[in-house]
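A.B. asks: One file: structure_29.cif (mmCIF, C-alpha atoms).
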```
data_entry
loop_
_atom_site.label_atom_id
_atom_site.label_comp_id
_atom_site.auth_asym_id
_atom_site.auth_seq_id
_atom_site.Cartn_x
_atom_site.Cartn_y
_atom_site.Cartn_z
CA MET M 18 7.71 49.55 60.33
CA ASN M 19 9.57 47.60 63.04
CA PHE M 20 9.87 43.82 63.23
CA VAL M 21 7.12 43.37 65.87
CA THR M 22 4.63 45.45 63.89
CA ARG M 23 5.37 43.53 60.69
CA LEU M 24 5.03 40.21 62.49
CA SER M 25 1.67 41.24 63.96
CA ALA M 26 0.42 42.29 60.53
CA LEU M 27 1.50 38.98 59.00
CA CYS M 28 -0.23 37.00 61.75
CA LEU M 29 -3.43 39.00 61.31
CA ARG M 30 -3.35 38.45 57.55
CA LYS M 31 -2.81 34.70 58.02
CA SER M 32 -5.69 34.54 60.49
CA LYS M 33 -8.06 36.26 58.05
CA MET M 34 -7.03 33.91 55.24
CA GLN M 35 -7.69 30.89 57.46
CA GLN M 36 -11.12 32.25 58.36
CA ARG M 37 -12.00 32.73 54.70
CA HIS M 38 -10.77 29.22 53.92
CA GLN M 39 -12.86 27.69 56.71
CA SER M 40 -15.89 29.71 55.61
CA SER M 41 -15.57 28.40 52.06
CA ARG M 42 -15.56 24.82 53.43
CA ARG M 43 -18.78 25.14 55.41
CA PRO M 44 -21.50 22.78 54.24
CA ALA M 45 -23.75 24.28 51.57
CA VAL M 46 -27.41 24.86 52.35
CA PRO M 47 -29.30 21.88 50.89
CA LEU M 48 -31.41 22.69 47.87
CA GLY M 49 -35.05 23.10 48.81
CA SER M 50 -34.45 24.06 52.45
CA ARG M 51 -34.11 27.83 52.26
CA ILE M 52 -37.33 29.06 53.87
CA LEU M 53 -38.24 32.74 54.13
CA THR M 54 -39.43 33.31 57.70
CA ASP M 55 -38.52 36.98 58.01
CA PRO M 56 -39.77 39.12 55.07
CA SER M 57 -37.25 41.83 55.94
CA LYS M 58 -34.47 39.43 54.88
CA VAL M 59 -35.94 38.64 51.45
CA PHE M 60 -33.02 40.20 49.55
CA GLU M 61 -30.35 38.23 51.41
CA HIS M 62 -30.57 35.32 48.93
CA ASN M 63 -31.40 34.78 45.24
CA MET M 64 -34.10 32.16 45.84
CA TRP M 65 -36.47 31.06 48.60
CA ASP M 66 -38.09 27.62 48.64
CA HIS M 67 -41.56 26.21 49.35
CA MET M 68 -43.42 29.49 49.06
CA GLN M 69 -47.07 29.40 50.10
CA TRP M 70 -49.45 31.66 48.21
CA SER M 71 -52.29 33.39 49.98
CA GLN M 72 -55.77 33.23 48.48
CA GLU M 73 -55.37 36.88 47.47
CA GLU M 74 -52.11 36.16 45.62
CA GLU M 75 -53.75 33.24 43.84
CA GLU M 76 -56.70 35.36 42.76
CA ASN M 77 -54.43 38.18 41.57
CA ALA M 78 -52.44 35.73 39.45
CA LYS M 79 -55.60 34.31 37.88
CA GLU M 80 -56.81 37.82 37.11
CA LYS M 81 -53.53 38.78 35.41
CA ALA M 82 -53.56 35.60 33.30
CA ALA M 83 -57.17 36.20 32.31
CA LYS M 84 -56.37 39.76 31.24
CA ASN M 85 -53.32 38.92 29.15
CA SER M 86 -55.19 36.14 27.34
CA LEU M 87 -58.17 38.26 26.28
CA VAL M 88 -56.61 39.11 22.91
CA LYS M 89 -55.55 36.02 20.96
CA VAL M 90 -52.97 35.76 18.21
CA GLN M 91 -54.54 35.70 14.73
CA LEU M 92 -55.28 32.16 13.50
CA GLU M 93 -53.07 32.48 10.42
CA ASP M 94 -50.18 33.54 12.66
CA GLN M 95 -50.85 30.64 15.01
CA ASP M 96 -50.57 28.27 12.04
CA LYS M 97 -47.29 29.91 11.06
CA TYR M 98 -45.82 29.45 14.55
CA GLU M 99 -46.81 25.76 14.43
CA ARG M 100 -45.47 25.11 10.93
CA GLU M 101 -42.23 26.99 11.46
CA ALA M 102 -41.52 26.03 15.07
CA SER M 103 -38.12 24.52 14.25
CA LYS M 104 -37.14 27.64 12.31
CA TYR M 105 -37.73 29.87 15.34
CA TRP M 106 -35.70 27.61 17.62
CA ASN M 107 -32.91 27.38 15.06
CA GLU M 108 -32.80 31.16 14.94
CA PHE M 109 -32.73 31.22 18.75
CA TYR M 110 -29.65 28.96 18.88
CA LYS M 111 -28.02 30.77 15.97
CA THR M 112 -28.30 33.99 17.97
CA HIS M 113 -27.46 32.74 21.45
CA LYS M 114 -25.45 29.59 20.66
CA SER M 115 -24.55 27.89 23.95
CA ASN M 116 -24.33 31.11 25.96
CA PHE M 117 -27.93 31.66 27.00
CA PHE M 118 -28.76 28.78 29.35
CA LYS M 119 -26.66 27.74 32.33
CA ASP M 120 -25.53 24.13 32.76
CA ARG M 121 -28.08 22.21 34.83
CA ASN M 122 -25.77 20.96 37.56
CA TRP M 123 -28.82 20.75 39.83
CA LEU M 124 -30.16 17.74 37.88
CA PHE M 125 -28.59 15.11 40.13
CA LEU M 126 -30.08 16.67 43.26
CA GLU M 127 -33.61 16.78 41.87
CA PHE M 128 -33.35 13.68 39.69
CA PRO M 129 -30.83 11.19 41.15
CA GLU M 130 -32.68 8.55 39.10
CA ILE M 131 -30.72 9.75 36.06
CA LEU M 132 -27.81 7.68 37.31
CA PRO M 133 -27.53 3.92 37.69
CA GLU M 134 -27.99 2.81 41.29
CA LYS M 135 -24.33 1.87 41.72
CA ARG M 136 -23.15 5.28 40.45
CA ARG M 137 -25.58 7.04 42.78
CA GLN M 138 -24.09 5.30 45.77
CA GLU M 139 -20.56 6.05 44.59
CA LEU M 140 -21.36 9.75 44.28
CA LYS M 141 -22.79 9.80 47.80
CA THR M 142 -19.58 8.26 49.09
CA GLU M 143 -17.45 10.71 47.12
CA GLU M 144 -19.43 13.67 48.42
CA LYS M 145 -18.91 12.57 52.01
CA SER M 146 -15.18 12.07 51.57
CA SER M 147 -14.34 15.17 49.53
CA GLU M 148 -15.53 18.75 49.88
CA HIS M 149 -14.61 19.37 46.25
CA THR M 150 -17.43 17.18 44.99
CA LYS M 151 -20.09 19.23 46.71
CA ILE M 152 -22.14 21.56 44.56
CA ASN M 153 -22.38 25.12 45.84
CA SER M 154 -26.02 25.78 46.65
CA THR M 155 -25.88 29.44 45.63
CA ASP M 156 -24.71 28.43 42.16
CA ILE M 157 -27.51 25.89 41.93
CA PHE M 158 -30.13 28.44 42.88
CA LEU M 159 -28.90 30.62 40.05
CA GLN M 160 -28.67 27.72 37.61
CA LYS M 161 -32.11 26.43 38.44
CA ASN M 162 -33.61 29.67 37.16
CA GLU M 163 -33.25 28.71 33.53
CA MET M 164 -33.31 32.23 32.17
CA PHE M 165 -32.37 34.86 34.71
CA GLU M 166 -30.15 37.91 34.72
CA GLU M 167 -28.15 37.20 31.56
CA GLY M 168 -31.35 37.16 29.50
CA ASP M 169 -32.89 40.40 30.76
CA LYS M 170 -33.03 42.21 27.42
CA TYR M 171 -34.23 39.05 25.66
CA TRP M 172 -37.17 38.57 28.01
CA LYS M 173 -38.23 42.20 27.74
CA LYS M 174 -38.48 41.70 23.99
CA SER M 175 -40.06 38.25 24.18
CA TYR M 176 -42.73 38.99 26.77
CA GLY M 177 -43.45 42.52 25.68
CA GLY M 178 -42.23 44.25 28.82
CA GLY M 179 -41.02 43.74 32.36
CA SER M 180 -38.04 44.97 34.30
CA ALA M 181 -36.40 41.59 34.93
CA SER M 182 -35.98 38.32 33.09
CA VAL M 183 -38.23 35.38 33.95
CA GLN M 184 -38.78 32.61 32.47
CA GLY M 185 -42.77 6.26 45.75
CA TYR M 186 -39.90 4.90 43.49
CA VAL M 187 -39.48 1.32 42.23
CA ASP M 188 -35.80 0.60 41.62
CA ASN M 189 -34.96 -0.77 38.21
CA LYS M 190 -32.31 -3.19 39.47
CA SER M 191 -34.43 -6.21 38.56
CA GLN M 192 -36.25 -6.30 35.23
CA ALA M 193 -39.34 -8.40 34.69
CA LYS M 194 -38.27 -9.54 31.23
CA SER M 195 -35.30 -8.70 29.09
CA LEU M 196 -35.74 -6.94 25.78
CA THR M 197 -35.34 -10.14 23.81
CA GLU M 198 -37.78 -12.09 25.99
CA SER M 199 -40.81 -9.98 25.02
CA PRO M 200 -42.40 -10.53 21.58
CA GLN M 201 -41.70 -6.96 20.59
CA GLY M 202 -38.16 -7.11 21.96
CA LYS M 203 -37.51 -10.40 20.19
CA ASN M 204 -38.49 -8.89 16.86
CA CYS M 205 -36.29 -5.90 17.60
CA GLY M 206 -33.42 -8.20 18.50
CA GLU M 207 -33.75 -10.16 15.27
CA GLU M 208 -33.92 -6.96 13.25
CA LEU M 209 -30.94 -5.46 15.05
CA GLY M 210 -29.03 -8.69 14.49
CA ARG M 211 -29.41 -8.15 10.78
CA LEU M 212 -28.41 -4.50 11.14
CA GLU M 213 -25.42 -5.55 13.29
CA SER M 214 -25.73 -2.72 15.86
CA PHE M 215 -27.09 0.70 16.76
CA PRO M 216 -25.57 3.54 18.82
CA GLY M 217 -25.39 2.38 22.41
CA SER M 218 -26.29 -1.22 21.56
CA ASP M 219 -23.61 -2.55 23.93
CA ALA M 220 -24.77 -0.40 26.86
CA THR M 221 -26.65 -1.78 29.83
CA TYR M 222 -28.02 1.59 31.04
CA ARG M 223 -29.43 4.09 28.55
CA ILE M 224 -30.73 7.63 28.93
CA LEU M 225 -32.54 9.87 26.46
CA GLU M 226 -32.81 13.63 26.83
CA VAL M 227 -35.59 15.07 24.69
CA GLY M 228 -35.03 18.67 23.61
CA CYS M 229 -31.33 18.77 24.45
CA GLY M 230 -30.78 22.30 23.15
CA ALA M 231 -27.12 23.28 23.27
CA GLY M 232 -26.30 20.53 25.79
CA ASN M 233 -26.85 22.21 29.14
CA SER M 234 -28.07 18.91 30.58
CA VAL M 235 -26.03 16.66 28.29
CA PHE M 236 -22.58 17.71 29.44
CA PRO M 237 -23.21 17.73 33.20
CA ILE M 238 -24.58 14.19 32.75
CA LEU M 239 -21.65 13.08 30.61
CA LYS M 240 -19.21 14.49 33.13
CA VAL M 241 -20.59 12.04 35.69
CA LEU M 242 -21.27 9.12 33.36
CA CYS M 243 -18.08 9.15 31.27
CA ASP M 244 -16.30 6.93 33.79
CA THR M 245 -19.33 4.68 34.35
CA PRO M 246 -19.02 1.53 32.20
CA GLY M 247 -22.10 0.34 30.35
CA THR M 248 -23.91 3.69 30.21
CA PHE M 249 -24.98 5.58 27.10
CA LEU M 250 -26.73 8.92 26.57
CA TYR M 251 -28.98 9.78 23.64
CA CYS M 252 -30.02 13.37 23.12
CA CYS M 253 -32.22 14.92 20.46
CA ASP M 254 -33.67 18.24 19.40
CA PHE M 255 -35.70 19.27 16.38
CA ALA M 256 -33.53 22.35 15.96
CA SER M 257 -30.61 21.14 13.85
CA GLY M 258 -28.56 24.13 14.97
CA ALA M 259 -28.84 23.01 18.59
CA VAL M 260 -27.73 19.45 17.79
CA GLU M 261 -24.77 20.84 15.85
CA LEU M 262 -23.72 22.86 18.92
CA VAL M 263 -23.78 19.68 21.00
CA LYS M 264 -21.67 17.76 18.49
CA LEU M 265 -19.11 20.57 18.25
CA HIS M 266 -18.66 20.73 22.03
CA SER M 267 -15.22 19.64 23.23
CA SER M 268 -16.78 17.15 25.66
CA TYR M 269 -18.92 15.39 23.05
CA ASN M 270 -17.82 11.83 22.37
CA SER M 271 -19.80 9.40 20.23
CA ALA M 272 -18.41 6.53 22.31
CA TRP M 273 -20.92 7.31 25.07
CA CYS M 274 -23.32 9.84 23.52
CA SER M 275 -25.41 10.10 20.35
CA ALA M 276 -26.96 13.46 19.42
CA PHE M 277 -29.51 13.48 16.63
CA VAL M 278 -32.15 15.71 15.05
CA HIS M 279 -35.67 14.49 15.80
CA ASP M 280 -39.19 15.92 15.85
CA VAL M 281 -41.02 14.15 18.67
CA CYS M 282 -44.34 15.35 17.25
CA ASP M 283 -43.84 13.22 14.12
CA ASP M 284 -44.87 9.66 15.01
CA ALA M 285 -43.61 8.38 11.66
CA LEU M 286 -40.01 9.31 12.40
CA PRO M 287 -38.04 6.35 13.74
CA TYR M 288 -35.63 6.63 16.64
CA PRO M 289 -32.07 5.33 16.15
CA PHE M 290 -32.77 2.57 18.67
CA PRO M 291 -35.62 0.11 19.33
CA ASP M 292 -38.52 0.56 21.75
CA GLU M 293 -38.35 -0.52 25.39
CA ILE M 294 -34.60 -0.11 25.90
CA LEU M 295 -34.40 3.19 27.82
CA ASP M 296 -33.87 3.31 31.57
CA VAL M 297 -34.49 7.07 31.81
CA ILE M 298 -36.10 9.79 29.70
CA LEU M 299 -35.38 13.38 30.66
CA LEU M 300 -38.06 15.88 29.65
CA VAL M 301 -37.07 19.27 31.11
CA PHE M 302 -38.62 22.53 29.86
CA VAL M 303 -39.51 20.85 26.56
CA LEU M 304 -43.13 19.70 26.58
CA SER M 305 -44.24 23.30 27.19
CA THR M 306 -42.90 24.29 23.75
CA ILE M 307 -45.29 21.87 21.98
CA HIS M 308 -48.87 22.63 20.99
CA PRO M 309 -51.24 21.33 23.71
CA ASP M 310 -53.20 19.29 21.14
CA ARG M 311 -50.07 17.28 20.34
CA MET M 312 -48.69 16.70 23.81
CA GLN M 313 -50.52 13.44 24.58
CA ARG M 314 -49.28 11.70 21.45
CA VAL M 315 -45.74 12.80 22.24
CA VAL M 316 -45.94 11.38 25.76
CA ASN M 317 -47.52 8.15 24.50
CA ARG M 318 -44.67 7.64 22.04
CA LEU M 319 -41.98 8.38 24.61
CA ALA M 320 -43.54 5.90 27.04
CA LYS M 321 -43.03 3.13 24.46
CA LEU M 322 -39.29 3.80 24.48
CA LEU M 323 -38.98 3.04 28.21
CA LYS M 324 -38.18 -0.46 29.36
CA PRO M 325 -40.46 -1.86 32.10
CA GLY M 326 -39.42 -0.12 35.30
CA GLY M 327 -37.92 2.81 33.36
CA MET M 328 -38.39 6.38 34.59
CA LEU M 329 -39.57 9.55 32.86
CA LEU M 330 -38.30 12.67 34.65
CA PHE M 331 -40.23 15.89 33.99
CA ARG M 332 -39.81 19.53 34.93
CA ASP M 333 -41.56 22.46 33.28
CA TYR M 334 -43.43 25.72 33.78
CA GLY M 335 -46.36 25.78 36.19
CA ARG M 336 -49.60 27.73 36.01
CA TYR M 337 -49.27 31.40 36.99
CA ASP M 338 -45.50 31.43 36.94
CA THR M 339 -44.12 34.96 36.65
CA ALA M 340 -43.24 34.23 33.02
CA GLN M 341 -46.93 33.70 32.25
CA LEU M 342 -48.08 36.80 34.08
CA ARG M 343 -45.50 38.99 32.31
CA PHE M 344 -46.99 38.41 28.85
CA LYS M 345 -48.76 41.36 27.28
CA LYS M 346 -52.09 41.18 25.46
CA GLY M 347 -51.86 39.75 21.97
CA ARG M 348 -49.29 37.06 22.86
CA CYS M 349 -51.80 34.38 23.84
CA LEU M 350 -52.33 31.52 21.37
CA SER M 351 -54.86 29.58 23.41
CA GLU M 352 -55.62 29.01 27.07
CA ASN M 353 -52.30 29.12 29.01
CA PHE M 354 -50.31 28.85 25.76
CA TYR M 355 -48.29 31.87 24.57
CA VAL M 356 -45.80 32.95 21.94
CA ARG M 357 -42.69 34.94 22.81
CA GLY M 358 -41.34 37.82 20.76
CA ASP M 359 -38.87 35.52 19.01
CA GLY M 360 -41.58 33.10 17.84
CA THR M 361 -40.90 30.34 20.37
CA ARG M 362 -43.89 29.14 22.38
CA VAL M 363 -44.56 28.14 25.98
CA TYR M 364 -47.37 26.41 27.88
CA PHE M 365 -47.99 26.60 31.65
CA PHE M 366 -49.11 23.35 33.30
CA THR M 367 -51.04 22.28 36.37
CA LYS M 368 -50.01 19.07 38.10
CA ASP M 369 -53.43 17.59 37.27
CA GLU M 370 -52.75 18.04 33.55
CA VAL M 371 -49.34 16.45 33.92
CA TRP M 372 -50.75 13.50 35.87
CA ASN M 373 -53.49 12.94 33.28
CA MET M 374 -51.04 12.91 30.36
CA PHE M 375 -48.59 10.47 31.86
CA ASN M 376 -51.30 8.29 33.34
CA LEU M 377 -52.97 7.97 29.93
CA ALA M 378 -49.60 6.92 28.54
CA GLY M 379 -49.58 4.01 30.98
CA LEU M 380 -47.05 5.43 33.43
CA THR M 381 -47.33 5.39 37.22
CA GLU M 382 -46.74 8.43 39.42
CA VAL M 383 -43.69 8.43 41.66
CA GLN M 384 -43.61 12.19 42.23
CA ASN M 385 -45.83 15.02 40.97
CA LEU M 386 -45.55 18.34 42.76
CA VAL M 387 -45.87 22.07 42.36
CA ASP M 388 -42.54 23.76 43.10
CA ARG M 389 -43.20 27.35 44.20
CA ARG M 390 -40.21 29.58 44.81
CA LEU M 391 -39.55 33.25 45.31
CA GLN M 392 -36.80 34.40 43.00
CA VAL M 393 -35.05 37.63 43.86
CA ASN M 394 -33.03 40.07 41.80
CA ARG M 395 -31.10 41.66 44.63
CA LYS M 396 -29.51 44.31 42.45
CA LYS M 397 -32.83 45.57 41.10
CA LYS M 398 -34.83 44.74 44.25
CA VAL M 399 -37.30 42.71 42.23
CA GLN M 400 -39.26 39.71 43.55
CA MET M 401 -40.71 37.06 41.24
CA GLN M 402 -43.02 34.21 42.13
CA ARG M 403 -41.77 31.17 40.20
CA VAL M 404 -43.93 28.11 39.67
CA TRP M 405 -42.63 24.86 38.22
CA ILE M 406 -44.06 21.38 37.96
CA GLN M 407 -41.68 18.56 38.82
CA SER M 408 -42.67 14.95 38.23
CA LYS M 409 -41.34 11.41 38.06
CA PHE M 410 -43.34 8.70 36.35
CA GLN M 411 -42.42 5.05 35.99
CA LYS M 412 -43.34 2.42 33.44
CA PRO M 413 -44.93 -0.54 35.22
CA LEU M 414 -43.02 -3.81 35.12
CA LEU M 415 -46.08 -5.23 33.36
CA SER M 416 -46.81 -2.45 30.86
CA LEU M 417 -50.27 -1.87 29.44
CA ASN M 418 -50.84 -2.86 25.85
CA ASN M 419 -53.13 0.12 25.32
CA PRO M 420 -52.19 3.16 27.45
CA GLU M 421 -55.50 4.87 26.76
CA GLU M 422 -57.34 2.09 28.61
CA THR M 423 -55.67 2.76 31.96
CA THR M 424 -58.11 2.95 34.87
CA GLU M 425 -55.88 4.34 37.60
CA THR M 426 -57.80 6.62 39.94
CA HIS M 427 -56.85 10.29 39.88
CA PRO M 428 -55.07 11.06 43.19
CA TYR M 429 -55.97 14.76 43.27
CA GLY M 430 -59.73 14.41 43.28
#
```
In structure tokens, how does this file's structure come out?
C.D. replies:
Amino acid sequence: MNFVTRLSALCLRKSKMQQRHQSSRRPAVPLGSRILTDPSKVFEHNMWDHMQWSQEEEENAKEKAAKNSLVKVQLEDQDKYEREASKYWNEFYKTHKSNFFKDRNWLFLEFPEILPEKRRQELKTEEKSSEHTKINSTDIFLQKNEMFEEGDKYWKKSYGGGSASVQGYVDNKSQAKSLTESPQGKNCGEELGRLESFPGSDATYRILEVGCGAGNSVFPILKVLCDTPGTFLYCCDFASGAVELVKLHSSYNSAWCSAFVHDVCDDALPYPFPDEILDVILLVFVLSTIHPDRMQRVVNRLAKLLKPGGMLLFRDYGRYDTAQLRFKKGRCLSENFYVRGDGTRVYFFTKDEVWNMFNLAGLTEVQNLVDRRLQVNRKKKVQMQRVWIQSKFQKPLLSLNNPEETTETHPYG
């Protein structure tokens, strides 16, 4: 090969490398803006946003759910799944450890309220000034599907079949009254004075994640908050094995995080901090695991932990999600409530049900929507209609003494 030929080859190679580099620096497609307009291109991406169902699709989904709920689980077995719920989740984490779920790096896009206002603005500035801080949208689409390709065999077993796995904001910058100014807060302050302190007592911004699992929300949050003074993260799960995984993680640090075992269904169990001190509660794919008859009490109790102006951020399974329609007969516990093959349970919500629960707990709607997406397994050429409910509810600055007495008008009719 002569000198000219070699030089031409080197130039061509350099040109291709520059093109790849520039391509990798192109702005990512914003989450929630990938709309399927040409059905022939459905397998070009892993997820399509804002899917509209036809009346026929809606009716077909209802029919499938009606069929798979005809045969109910025996009552004695239902009691067993309720009594031994923590055992089944402990077995789940013993088997899968921290390898099953992906880290929820999408949280800050969907729920920027997790962060203090100042940190939110800093992140926006950082994202504008550095390409490295941007989150790749393709990764997020994959992460947002909580249980996708890596859990294929698990979902076949759990759902009894199937070829693919499925599964108005008021800023809190100004508080009406401080914790110690309210009668309840004053008592808490006096009590805590005697006890000296509690985890996160020196923090000015506190977050609680309920149902933390192996930490797939905890560690993305800590990564952002670890250099934010005055912040503290609590996280709990009633599966002791899950909490142990969090504490053993290399990024866990008790200086800005406290992980503890807690059953939110047990009202008698105290939290390791007083009421009305939390700025944010994160409730993501957790409430659906609880028996429907117990959900309202859980939400009521969590609402008491929020300070006035605090936010509860919710995301969970929606009615007629592919995961619901994949269940076989004999898996249904009660209406829209099912048990998987491993003994863990799941409920599928409507946004009306979600609104009613949080409204009865004295919280005000900021966001409450049905998130319909088309999830695609390009390798297997499988399409799945995903349905999630995403909501944000805020504790009024003047909280109600008795949540059950709220008279707010239902916005959906």
A.B. asks: I want to know what sits within 8 Å of range 99-106 of chain M, based on all atoms listed in the file, with residues of the same chain fewer than 4 positions away left out; could you give that as a list in words?
C.D. replies: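 Once the nearby chain positions are removed, what remains is Gln95, Tyr110, Phe255, Ala256, His308, Asp359, Gly360 and Thr361 of chain M.
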A.B. asks: I would like the residues chosen by the PyMOL selection byres ((chain M and resi 301) around 6) on the shown file; could you give them as a list in words?
C.D. replies: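 Checked against the file, the PyMOL selection byres ((chain M and resi 301) around 6) matches Leu300, Phe302, Val303, Phe331, Arg332 and Asp333 of chain M.
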A.B. asks: Can you work out which one of M:Leu299, M:Val404, M:Met374, M:Leu304 has the shortest atom-to-atom distance to Arg389 in chain M, counting only C-alpha atoms?
C.D. replies: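 Among M:Leu299, M:Val404, M:Met374, M:Leu304, it is M:Val404 that comes nearest to Arg389 in chain M.
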A.B. asks: Have a look at CA of Asn233 in chain M and CA of Thr112 in chain M and let me know their distance in Å, one decimal.
C.D. replies: 16.3 Å
A.B. asks: Tell me, in Å to one decimal, how far CA of Pro246 in chain M is from CA of Asp296 in chain M.
C.D. replies: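 CA of Asp296 in chain M lies 15.0 Å from CA of Pro246 in chain M.
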A.B. asks: Nearest to Val315 in chain M among M:Val235, M:Leu286, M:Leu250, M:Leu92, with distances taken over all atoms listed in the file: which residue is it?
C.D. replies: M:Leu286
A.B. asks: Work out how far CA of Thr248 in chain M is from CA of Ser268 in chain M, in Å to one decimal.
C.D. replies: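 Straight-line distance from CA of Ser268 in chain M to CA of Thr248 in chain M works out to 15.9 Å.
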A.B. asks: For each of M:Leu350, M:Pro216, M:Phe365, M:Met312, take the minimum atom-to-atom distance to Glu93 in chain M, counting only C-alpha atoms, then give the residue where this is smallest.
C.D. replies: M:Leu350
A.B. asks: Quick one: residues within 12 Å of Ser275 in chain M, only C-alpha atoms counted, chain neighbours fewer than 3 positions away excluded, as a PyMOL selection string?
C.D. replies: chain M and resi 215-218+223-226+229+232+235+239+248-254+260-261+263-264+269-272+278+288-290
A.B. asks: Could you write out the selected residues, including C-alpha atoms, as an mmCIF file, in the coordinates of the input?
C.D. replies:
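Below is the file that was written, part.cif:
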```cif
data_model
loop_
_atom_site.group_PDB
_atom_site.id
_atom_site.type_symbol
_atom_site.label_atom_id
_atom_site.label_comp_id
_atom_site.auth_asym_id
_atom_site.auth_seq_id
_atom_site.Cartn_x
_atom_site.Cartn_y
_atom_site.Cartn_z
ATOM 1 C CA PHE M 215 -27.090 0.700 16.760
ATOM 2 C CA PRO M 216 -25.570 3.540 18.820
ATOM 3 C CA GLY M 217 -25.390 2.380 22.410
ATOM 4 C CA SER M 218 -26.290 -1.220 21.560
ATOM 5 C CA ARG M 223 -29.430 4.090 28.550
ATOM 6 C CA ILE M 224 -30.730 7.630 28.930
ATOM 7 C CA LEU M 225 -32.540 9.870 26.460
ATOM 8 C CA GLU M 226 -32.810 13.630 26.830
ATOM 9 C CA CYS M 229 -31.330 18.770 24.450
ATOM 10 C CA GLY M 232 -26.300 20.530 25.790
ATOM 11 C CA VAL M 235 -26.030 16.660 28.290
ATOM 12 C CA LEU M 239 -21.650 13.080 30.610
ATOM 13 C CA THR M 248 -23.910 3.690 30.210
ATOM 14 C CA PHE M 249 -24.980 5.580 27.100
ATOM 15 C CA LEU M 250 -26.730 8.920 26.570
ATOM 16 C CA TYR M 251 -28.980 9.780 23.640
ATOM 17 C CA CYS M 252 -30.020 13.370 23.120
ATOM 18 C CA CYS M 253 -32.220 14.920 20.460
ATOM 19 C CA ASP M 254 -33.670 18.240 19.400
ATOM 20 C CA VAL M 260 -27.730 19.450 17.790
ATOM 21 C CA GLU M 261 -24.770 20.840 15.850
ATOM 22 C CA VAL M 263 -23.780 19.680 21.000
ATOM 23 C CA LYS M 264 -21.670 17.760 18.490
ATOM 24 C CA TYR M 269 -18.920 15.390 23.050
ATOM 25 C CA ASN M 270 -17.820 11.830 22.370
ATOM 26 C CA SER M 271 -19.800 9.400 20.230
ATOM 27 C CA ALA M 272 -18.410 6.530 22.310
ATOM 28 C CA VAL M 278 -32.150 15.710 15.050
ATOM 29 C CA TYR M 288 -35.630 6.630 16.640
ATOM 30 C CA PRO M 289 -32.070 5.330 16.150
ATOM 31 C CA PHE M 290 -32.770 2.570 18.670
#
```
A.B. asks: Quick one: of M:Val371, M:Cys349, M:Arg314, M:Phe344, who's nearest to Ala285 in chain M, counting only C-alpha atoms?
C.D. replies: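 Among the listed residues, the smallest separation from Ala285 in chain M belongs to M:Arg314.
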A.B. asks: So which one's closest to Gly335 in chain M, M:Ile406, M:Val393, M:His266, M:Arg311? Using only C-alpha atoms, please.
C.D. replies: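 Using only C-alpha atoms, the shortest distance to Gly335 in chain M belongs to M:Ile406.
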A.B. asks: Taking all atoms listed in the file into account, which of M:Arg51, M:Lys396, M:Arg318, M:Lys240 comes nearest Asn122 in chain M?
C.D. replies: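 Smallest separation from Asn122 in chain M among the options: M:Lys240.
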A.B. asks: Evaluated on this file, the PyMOL selection byres ((chain M and resi 323) around 7) picks out some residues - which ones are they, written as a list of chain:residue names?
C.D. replies: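 Going through the file, the PyMOL selection byres ((chain M and resi 323) around 7) ends up selecting M:Asp292, M:Glu293, M:Ile294, M:Leu295, M:Asp296, M:Ala320, M:Lys321, M:Leu322, M:Lys324, M:Pro325, M:Gly327, M:Lys412.
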A.B. asks: Within 9 Å of Lys81 in chain M, counting all atoms listed in the file, which residues qualify if same-chain residues fewer than 6 places away don't, as an MDAnalysis selection string?
C.D. replies: chainID M and resid 337 341:343
A.B. asks: I'd like to see the residues matched by the PyMOL selection byres ((chain M and resi 133) around 10) on this file, and ideally I'd get them as a PDB file with C-alpha atoms, in the coordinates of the input.
C.D. replies:
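What follows is the written file result_3.pdb:
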```
ATOM      1  CA  PRO M 129     -30.830  11.190  41.150  1.00  0.00           C
ATOM      2  CA  GLU M 130     -32.680   8.550  39.100  1.00  0.00           C
ATOM      3  CA  ILE M 131     -30.720   9.750  36.060  1.00  0.00           C
ATOM      4  CA  LEU M 132     -27.810   7.680  37.310  1.00  0.00           C
ATOM      5  CA  GLU M 134     -27.990   2.810  41.290  1.00  0.00           C
ATOM      6  CA  LYS M 135     -24.330   1.870  41.720  1.00  0.00           C
ATOM      7  CA  ARG M 136     -23.150   5.280  40.450  1.00  0.00           C
ATOM      8  CA  ARG M 137     -25.580   7.040  42.780  1.00  0.00           C
ATOM      9  CA  GLN M 138     -24.090   5.300  45.770  1.00  0.00           C
ATOM     10  CA  ASP M 188     -35.800   0.600  41.620  1.00  0.00           C
ATOM     11  CA  ASN M 189     -34.960  -0.770  38.210  1.00  0.00           C
ATOM     12  CA  LYS M 190     -32.310  -3.190  39.470  1.00  0.00           C
ATOM     13  CA  THR M 221     -26.650  -1.780  29.830  1.00  0.00           C
ATOM     14  CA  TYR M 222     -28.020   1.590  31.040  1.00  0.00           C
ATOM     15  CA  ARG M 223     -29.430   4.090  28.550  1.00  0.00           C
ATOM     16  CA  LEU M 242     -21.270   9.120  33.360  1.00  0.00           C
ATOM     17  CA  THR M 245     -19.330   4.680  34.350  1.00  0.00           C
ATOM     18  CA  GLY M 247     -22.100   0.340  30.350  1.00  0.00           C
ATOM     19  CA  THR M 248     -23.910   3.690  30.210  1.00  0.00           C
ATOM     20  CA  ASP M 296     -33.870   3.310  31.570  1.00  0.00           C
ATOM     21  CA  VAL M 297     -34.490   7.070  31.810  1.00  0.00           C
TER      22      VAL M 297
END
```
A.B. asks: Do a neighbour search on range 399-403 of chain M at 7 Å with all atoms listed in the file, toss out local chain neighbours closer than 2 positions, and write the hits as a VMD selection string.
C.D. replies: chain M and resid 338 to 339 389 to 395 397 405
